[in-house]
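Encoded as structure tokens, the structure appears first; notes follow it.
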Amino acid sequence: MLEHPSYKLASEIRKILTDQLGREFGQTVFITQCSELNIKAEEIKVNDLIRLTPAVIRAIRPSAGDEVAQKVGNQIRKLKVQLELETLKGKEGDSTMARRFADIYVAYGNICQSTGDLEEGDKAYRNAIRHARKADYHLKDAEANIGIGLIFEKADKWDDAIEYLNKGLSISEKVDYPLGIADASRWLGHLEWHRSNYDRALEWLQKGLTNAERTGDDGMIGQIMIEFGLVYSDRGELDKAVEWFVRSIPLLESVRDHRQLSRVYNNIGDSYMQQKVWDKAIENFGKSEEFARMINNQQFTGWSIFNSGEAILNTGDADEAIARGESALRILEPLNDTMGIQGSIRLQALGYAKKKDWAKAEELFGRAMTITEGIASKYHTGQLLYDIGRMLRDKGDKKKAKQNFAEAKAIFEEIGAKRLLEEVSAEL
């Protein structure tokens with residue numbers, strides 16, 4: 001295998017680090033981590049990146065944040081795969097290399113998906129399929145189809161996503177590939193949850209769980225359990241939701257997945273908040289923030305802050321709730337986290353409504369609704385209509401309040417959100 005010139009590789013890694021971290025910090029991270037791993041920086045080899053990448057992520061995370069650290073790590077991984085492809089130039093027609101090309105193109109597609117280079121990732125997966133079929137390499141054929149499905153999911157093209165996930169599932173089932181079956185089924189369940197098709201989502205998730213358990217992959221099993229909890233939460237079956245969330249915790253702890261642990265404690269907090277058990281909600285949002293801060297993950301820190309703010313609002317402290325909404329928004333806006341931005345603005349709107357500052361509340365509810373319409377989420381649209389209805393009721397505009405409640409009720413009936421349906425029906 002031809003080796004990329006060391007001086008050029010060192011230069012490209014330095015560029016990645018300095019572009020993201022600034023010249024001085026980027027240079028320091030590179031030199032320090034190479035030294036600690038006994039790698040000569042100017043003689044670095046492609047295979048050295050296997051050890052260097054996780055070390056760089058750990059070094060960056062405390063000061064730059066988990067999101068930046070993961071971005072740098074993915075860019076280095078992407079560079080590694082690009083260089084591996086470079087060494088295979090001119091061998092595309094060699095049938096004996098088809099499996100190797102399929103492996104590399106799937107790896108490249110996975111990285112592009114992580115970095116948000118969706119068009120590039122789609123092309124890589126399609127190249128992987130072409131080579132996999134030359135070699136009857138069914139596992140990579142399945143993985144590449146699932147990868148294309150996830151690219152469409154990220155682009156909010158859900159019908160296309162379902163088509164390719166089903167292709168990957170079909171191939172996986174034909175060769176009894178449990179990891180492929182589990183992955184495709186899990187994401188099909190996730191998409192049906194987004195569409196509020198809860199019964200169908202549960203069917204897919206059960207299939208995913210059964211096959212994930214065959215693989216013994218605790219991380220995947222734990223994440224599928226979280227998906228179960230989300231479905232039951234939306235359906236209003238909150239005891240079941242908490243049960244599934246809690247079941248995931250020891251599995252996620254066993255693989256030290258602090259990111260998913262932050263997520264699951266946030267979800268448990270939300271379930272208690274829906275049951276109006278404010279102290280347990282605040283406690284679990286605090287645990288979520290604790291795990292997020294362990295890895296300096298800004299997104300989950302922001303979510304924990306605005307969710308705890310809503311629980312605090314319901315204990316009567318509107319000013320603290322508004323302050324938390326503003327704090328979360330400052331964290332989440334630079335990340336372009338659409339749902340997090342919506343949640344932060346919604347919390348502020350609820351806080352101002354509590355203070356009877358109707359003009360400010362209406363302005364903020366309008367901003368939150370614009371975002372919600374953009375993501376086409378029935379659940380969140382219904383939730384906002386209900387929130388606005390309560391504001392209008394408290395303001396004394398019973399006619400408009402009733403109209404909002406009726407629209408929210410129709411949505412909750414359509415999607416089967418039992419708890420919210422009961423609450424909005426009580427208003428009517």
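In the structure tokens, each chain is lettered A, B, ... as it comes, each chain's residues begin at 1, and ligands are numbered from 1 in order of appearance.
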
Inset, instruction - Would you mind listing what lies within 8 Å of stretch 290-292 of chain A as an MDAnalysis selection string, with only C-alpha atoms counted and same-chain residues fewer than 3 positions away left out? - result: chainID A and resid 258:259 261:262 286:287 295:298 300:301

Inset, instruction - Extract, using only C-alpha atoms, all DNA, RNA and protein residues at most 12 Å from stretch 36-50 of chain A, discarding same-chain residues fewer than 2 positions from it, and format them as an NGL selection string. - result: :A and (1-14 or 27-34 or 52-57 or 59 or 73-87)

Take the residues just selected and output them with C-alpha atoms as a PDB file, in the first residue's frame.
ATOM      1  CA  MET A   1       0.000   0.000   0.000  1.00  0.00           C
ATOM      2  CA  LEU A   2       1.369   3.407  -0.954  1.00  0.00           C
ATOM      3  CA  GLU A   3       1.834   5.774   1.965  1.00  0.00           C
ATOM      4  CA  HIS A   4       0.746   9.408   1.910  1.00  0.00           C
ATOM      5  CA  PRO A   5       3.806  11.670   2.367  1.00  0.00           C
ATOM      6  CA  SER A   6       4.205  12.306   6.114  1.00  0.00           C
ATOM      7  CA  TYR A   7       4.899  16.017   5.747  1.00  0.00           C
ATOM      8  CA  LYS A   8       1.719  16.467   3.725  1.00  0.00           C
ATOM      9  CA  LEU A   9      -0.378  14.446   6.180  1.00  0.00           C
ATOM     10  CA  ALA A  10       0.973  16.462   9.125  1.00  0.00           C
ATOM     11  CA  SER A  11       0.125  19.670   7.275  1.00  0.00           C
ATOM     12  CA  GLU A  12      -3.447  18.553   6.557  1.00  0.00           C
ATOM     13  CA  ILE A  13      -4.076  17.547  10.177  1.00  0.00           C
ATOM     14  CA  ARG A  14      -2.652  20.861  11.385  1.00  0.00           C
ATOM     15  CA  GLN A  27      -0.724  23.473  16.937  1.00  0.00           C
ATOM     16  CA  THR A  28      -0.427  22.728  20.660  1.00  0.00           C
ATOM     17  CA  VAL A  29      -3.014  19.934  20.523  1.00  0.00           C
ATOM     18  CA  PHE A  30      -1.299  18.288  17.557  1.00  0.00           C
ATOM     19  CA  ILE A  31       2.231  18.387  18.986  1.00  0.00           C
ATOM     20  CA  THR A  32       1.175  17.400  22.503  1.00  0.00           C
ATOM     21  CA  GLN A  33      -0.948  14.429  21.484  1.00  0.00           C
ATOM     22  CA  CYS A  34       1.661  13.127  19.037  1.00  0.00           C
ATOM     23  CA  LEU A  52      -4.425   9.980  17.345  1.00  0.00           C
ATOM     24  CA  THR A  53      -8.094  10.736  16.601  1.00  0.00           C
ATOM     25  CA  PRO A  54      -9.635   9.704  19.976  1.00  0.00           C
ATOM     26  CA  ALA A  55      -6.724  11.340  21.818  1.00  0.00           C
ATOM     27  CA  VAL A  56      -7.329  14.630  19.999  1.00  0.00           C
ATOM     28  CA  ILE A  57     -11.067  14.473  20.787  1.00  0.00           C
ATOM     29  CA  ALA A  59      -7.860  16.891  24.473  1.00  0.00           C
ATOM     30  CA  GLY A  73     -12.507  13.895  15.019  1.00  0.00           C
ATOM     31  CA  ASN A  74     -14.820  13.273  12.085  1.00  0.00           C
ATOM     32  CA  GLN A  75     -12.747  15.501   9.797  1.00  0.00           C
ATOM     33  CA  ILE A  76      -9.599  13.544  10.680  1.00  0.00           C
ATOM     34  CA  ARG A  77     -11.430  10.235  10.132  1.00  0.00           C
ATOM     35  CA  LYS A  78     -12.672  11.549   6.803  1.00  0.00           C
ATOM     36  CA  LEU A  79      -9.121  12.476   5.804  1.00  0.00           C
ATOM     37  CA  LYS A  80      -7.934   8.967   6.703  1.00  0.00           C
ATOM     38  CA  VAL A  81     -10.547   7.307   4.491  1.00  0.00           C
ATOM     39  CA  GLN A  82      -9.872   9.747   1.642  1.00  0.00           C
ATOM     40  CA  LEU A  83      -6.191   8.800   1.784  1.00  0.00           C
ATOM     41  CA  GLU A  84      -7.055   5.103   1.774  1.00  0.00           C
ATOM     42  CA  LEU A  85      -9.124   5.673  -1.366  1.00  0.00           C
ATOM     43  CA  GLU A  86      -6.229   7.608  -2.890  1.00  0.00           C
ATOM     44  CA  THR A  87      -3.956   4.569  -2.530  1.00  0.00           C
TER      45      THR A  87
END

Inset, instruction - Please identify all polymer residues within 8 Å of A:Glu326, counting only C-alpha atoms, omitting same-chain residues fewer than 4 positions from it, and present them as number ranges by chain. - result: A: 322, 330, 344-345, 348

Legend entry - Separation of atom CA of A:Arg99 from atom CA of A:Asp136 in Å: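 Atom-to-atom, atom CA of A:Asp136 to atom CA of A:Arg99, that is 8.7 Å.
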
Tell me, counting only C-alpha atoms, for each residue of stretch 379-423 of chain A within 7 Å of stretch 221-242 of chain A, which pair of atoms is nearest and how far apart they are in Å to one decimal, in rows ordered by chain and increasing number, as CSV.
residue,atom,partner,partner_atom,distance
A:Gly416,CA,A:Arg235,CA,6.0
A:Ala417,CA,A:Arg235,CA,4.4
A:Lys418,CA,A:Gly236,CA,5.1
A:Arg419,CA,A:Gly236,CA,4.6

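Note that atom CA of A:Ile305 and atom CA of A:Tyr272 are 15.6 Å apart.
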
Inset, instruction - Find the spatial neighbours of stretch 178-192 of chain A, counting only C-alpha atoms, within a cut-off of 6 Å - ignore same-chain residues fewer than 4 positions away - and output them as number ranges by chain. - result: A: 165, 169, 172, 197, 201, 204-205, 208, 211-212

Inset, instruction - May I ask for the distance between atom CA of A:Lys140 and atom CA of A:Ile111, given in Å to one decimal place? - result: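 Interatomic distance here is 15.1 Å.
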
Inset, instruction - Go through A:Glu333, A:Asp66, A:Asp160, A:Asp357 one by one, measure the shortest atom-to-atom distance of each to A:Asp394 using only C-alpha atoms, and give the residue with the smallest value. - result: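 The closest residue to A:Asp394 is A:Asp357.
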
Inset, instruction - Once DSSP has gone over the backbone, tell me which residues of stretch 133-320 of chain A are in helix (DSSP H, G or I), as a PyMOL selection string. - result: chain A and resi 133-134+138-154+158-174+178-194+198-215+218-234+238-254+258-274+278-294+298-313+318-320

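Considering only C-alpha atoms, the residue among A:Trp278, A:Trp193, A:Phe306, A:Tyr125 positioned nearest to A:Tyr164 is A:Tyr125.
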